[in-house]
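Everything below concerns the one structure shown next.
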Amino acid sequence: MDKIIEYMLAEDEGFGDITSNAVVEEGKDVNAYIISKDEGILAGINIIRDLFEEYGIEVTFWLKDGSEISKNDLLISLKGDARTILLLERTALNLLMRMSGVASATRKYVNLVKDYDVRVAGTRKTSPAIGKFDKYALGVGGADTHRFGLDDMVLIKDNHIAACGTPLEALLKAKSNVSFSKKIEIEVETLDDAVECVRNGADIVMLDNMSPSQVSDVLDELEKLDIRQNSLIEVSGGITEDTILDYAALGVDIISIGALTHSSRSLNFSLKME
């Protein structure tokens, strides 16, 4: 994360902050504040604190990650060199606003299914280079992060199957080639493939882009065959606020939602200097 933030700062600064250097007195100390102009869930405050403190800015916390925030809430107080605060301002706000936006959307979905024994999860549909920040925000919002990267677990998707053969062939190859220490998940699109993969020991079977009625048919068949307990059942693909309860009520184990990271709106924060 440190290297990513260094790149963000270097990209923003370019060859120097010519505006601040032209109009702000060198060595001038000021007080500044980050204030919320939005409502939601705060995420990334520790990362922002570390960023300012690394550059010699004194930071005072007012809220912690996971806090519910409202308009005009004071999030952080800053004290230190004016030019430095202005140099860090946009990078710090961009990260804090995006992470809080992801956490806010996540908390909303998690709360929708709080009465069901189901886990909301993110996906790898994160913004390039800042996936770890997105994943952190998912956790703050109360979701499971799912995979951080390709080395976390085996997840056999449609393109792997297309390059391999059938879902069952792909699953059996993975089981023969991968360490026992790695879980194996496979994405399927039909009832028959779901049954075969559960029967043959997939740790997780993802029912991709299935309607609630199709998912219900799969679960009924697994129960009928007395193999429902063999695998976790995950549903994914286009699930929204309007449909998530339809899936949760069926008794699935995991609902993964890419929109939490690829479509969440950043919250709006502002830095004000005295």
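How things are named: the first chain in the structure tokens is A, the next is B, and so on; residues count from 1 in each chain; ligands count from 1 in the order shown.
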
Backbone DSSP call of strand (DSSP E or B) for segment 106-213 of chain A, listed as a PyMOL selection string: chain A and resi 119-121+144+154-156+184-188+204-208

Residues near segment 236-245 of chain A, cut-off 8 Å, only C-alpha atoms, skip fewer than 3 positions along chain, as JSON, numbers by chain: {"A": [109, 112, 113, 206, 207, 208, 209, 210, 248, 249, 255, 256, 257, 258]}

Could you write out that same residue set with N, CA and C atoms as an mmCIF file, in the first residue's frame?
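As a result, selection.cif now contains:
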```cif
data_model
loop_
_atom_site.group_PDB
_atom_site.id
_atom_site.type_symbol
_atom_site.label_atom_id
_atom_site.label_comp_id
_atom_site.auth_asym_id
_atom_site.auth_seq_id
_atom_site.Cartn_x
_atom_site.Cartn_y
_atom_site.Cartn_z
ATOM 1 N N TYR A 109 -25.880 -3.297 1.917
ATOM 2 C CA TYR A 109 -26.234 -4.649 1.476
ATOM 3 C C TYR A 109 -26.196 -5.631 2.650
ATOM 4 N N LEU A 112 -29.257 -5.374 4.713
ATOM 5 C CA LEU A 112 -30.454 -5.893 4.065
ATOM 6 C C LEU A 112 -30.678 -7.374 4.384
ATOM 7 N N VAL A 113 -29.582 -8.119 4.566
ATOM 8 C CA VAL A 113 -29.711 -9.572 4.779
ATOM 9 C C VAL A 113 -29.319 -9.988 6.200
ATOM 10 N N MET A 206 -20.258 -21.879 -7.288
ATOM 11 C CA MET A 206 -20.863 -20.593 -7.578
ATOM 12 C C MET A 206 -21.916 -20.748 -8.674
ATOM 13 N N LEU A 207 -23.149 -20.393 -8.364
ATOM 14 C CA LEU A 207 -24.230 -20.422 -9.338
ATOM 15 C C LEU A 207 -24.252 -19.062 -10.011
ATOM 16 N N ASP A 208 -23.764 -19.021 -11.232
ATOM 17 C CA ASP A 208 -23.517 -17.744 -11.900
ATOM 18 C C ASP A 208 -24.711 -17.308 -12.729
ATOM 19 N N ASN A 209 -25.179 -16.095 -12.471
ATOM 20 C CA ASN A 209 -26.261 -15.479 -13.240
ATOM 21 C C ASN A 209 -27.528 -16.333 -13.290
ATOM 22 N N MET A 210 -27.787 -17.062 -12.223
ATOM 23 C CA MET A 210 -29.026 -17.834 -12.143
ATOM 24 C C MET A 210 -30.115 -17.001 -11.479
ATOM 25 N N ALA A 248 -31.178 -14.474 -0.595
ATOM 26 C CA ALA A 248 -30.866 -14.788 0.802
ATOM 27 C C ALA A 248 -31.908 -15.729 1.401
ATOM 28 N N ALA A 249 -33.164 -15.526 1.034
ATOM 29 C CA ALA A 249 -34.257 -16.329 1.601
ATOM 30 C C ALA A 249 -34.208 -17.789 1.162
ATOM 31 N N ILE A 255 -23.369 -14.532 -1.013
ATOM 32 C CA ILE A 255 -23.842 -13.699 -2.117
ATOM 33 C C ILE A 255 -22.719 -12.735 -2.459
ATOM 34 N N SER A 256 -22.114 -12.897 -3.636
ATOM 35 C CA SER A 256 -21.012 -12.014 -4.026
ATOM 36 C C SER A 256 -21.526 -10.961 -5.002
ATOM 37 N N ILE A 257 -21.046 -9.724 -4.792
ATOM 38 C CA ILE A 257 -21.574 -8.575 -5.528
ATOM 39 C C ILE A 257 -20.423 -7.707 -6.005
ATOM 40 N N GLY A 258 -20.146 -7.734 -7.303
ATOM 41 C CA GLY A 258 -19.068 -6.930 -7.862
ATOM 42 C C GLY A 258 -19.338 -5.442 -7.794
#
```

Top pick for closest residue to Ile69 of chain A, considering A:Ile57, A:Ile85, A:Met99, A:Lys37 and counting only C-alpha atoms: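 Nearest to Ile69 of chain A: A:Lys37.
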
Distance query Met8 of chain A at most 10 Å, only C-alpha atoms, self and fewer than 2 positions along chain excluded, as a list in words: Asp2, Lys3, Ile4, Ile5, Glu6, Ala10, Glu11, Asp12, Glu13, Leu88, Arg90, Thr91, Ala92 and Leu95 of chain A

Long-range neighbours of Gly56 of chain A as an NGL selection string, 10 Å cut-off, only C-alpha atoms, 4 positions minimum in chain: :A and (50-52 or 79-81 or 84-85)

Near-segment 126-142 of chain A list (6 Å; only C-alpha atoms; drop same-chain fewer than 5 positions) as a PyMOL selection string: chain A and resi 43+66+99+102-103+106-107+261-262

Separation of atom CA of Leu63 of chain A from atom CA of Asp115 of chain A in Å: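 Between these atoms lies a distance of 27.7 Å.
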
Which residues are close to Gly101 of chain A, i.e. within 7 Å by only C-alpha atoms, leaving aside same-chain residues fewer than 6 positions away? Reply as an mmCIF file with N, CA and C atoms, in the first residue's frame.
```
data_model
loop_
_atom_site.group_PDB
_atom_site.id
_atom_site.type_symbol
_atom_site.label_atom_id
_atom_site.label_comp_id
_atom_site.auth_asym_id
_atom_site.auth_seq_id
_atom_site.Cartn_x
_atom_site.Cartn_y
_atom_site.Cartn_z
ATOM 1 N N SER A 264 -19.663 1.614 -6.739
ATOM 2 C CA SER A 264 -20.010 2.407 -5.563
ATOM 3 C C SER A 264 -19.654 3.877 -5.775
ATOM 4 N N ARG A 265 -20.496 4.743 -5.257
ATOM 5 C CA ARG A 265 -20.254 6.186 -5.324
ATOM 6 C C ARG A 265 -19.346 6.604 -4.171
ATOM 7 N N SER A 266 -18.297 7.361 -4.486
ATOM 8 C CA SER A 266 -17.447 7.900 -3.427
ATOM 9 C C SER A 266 -18.238 8.889 -2.587
ATOM 10 N N LEU A 267 -17.983 8.897 -1.280
ATOM 11 C CA LEU A 267 -18.565 9.934 -0.442
ATOM 12 C C LEU A 267 -17.847 11.257 -0.704
#
```
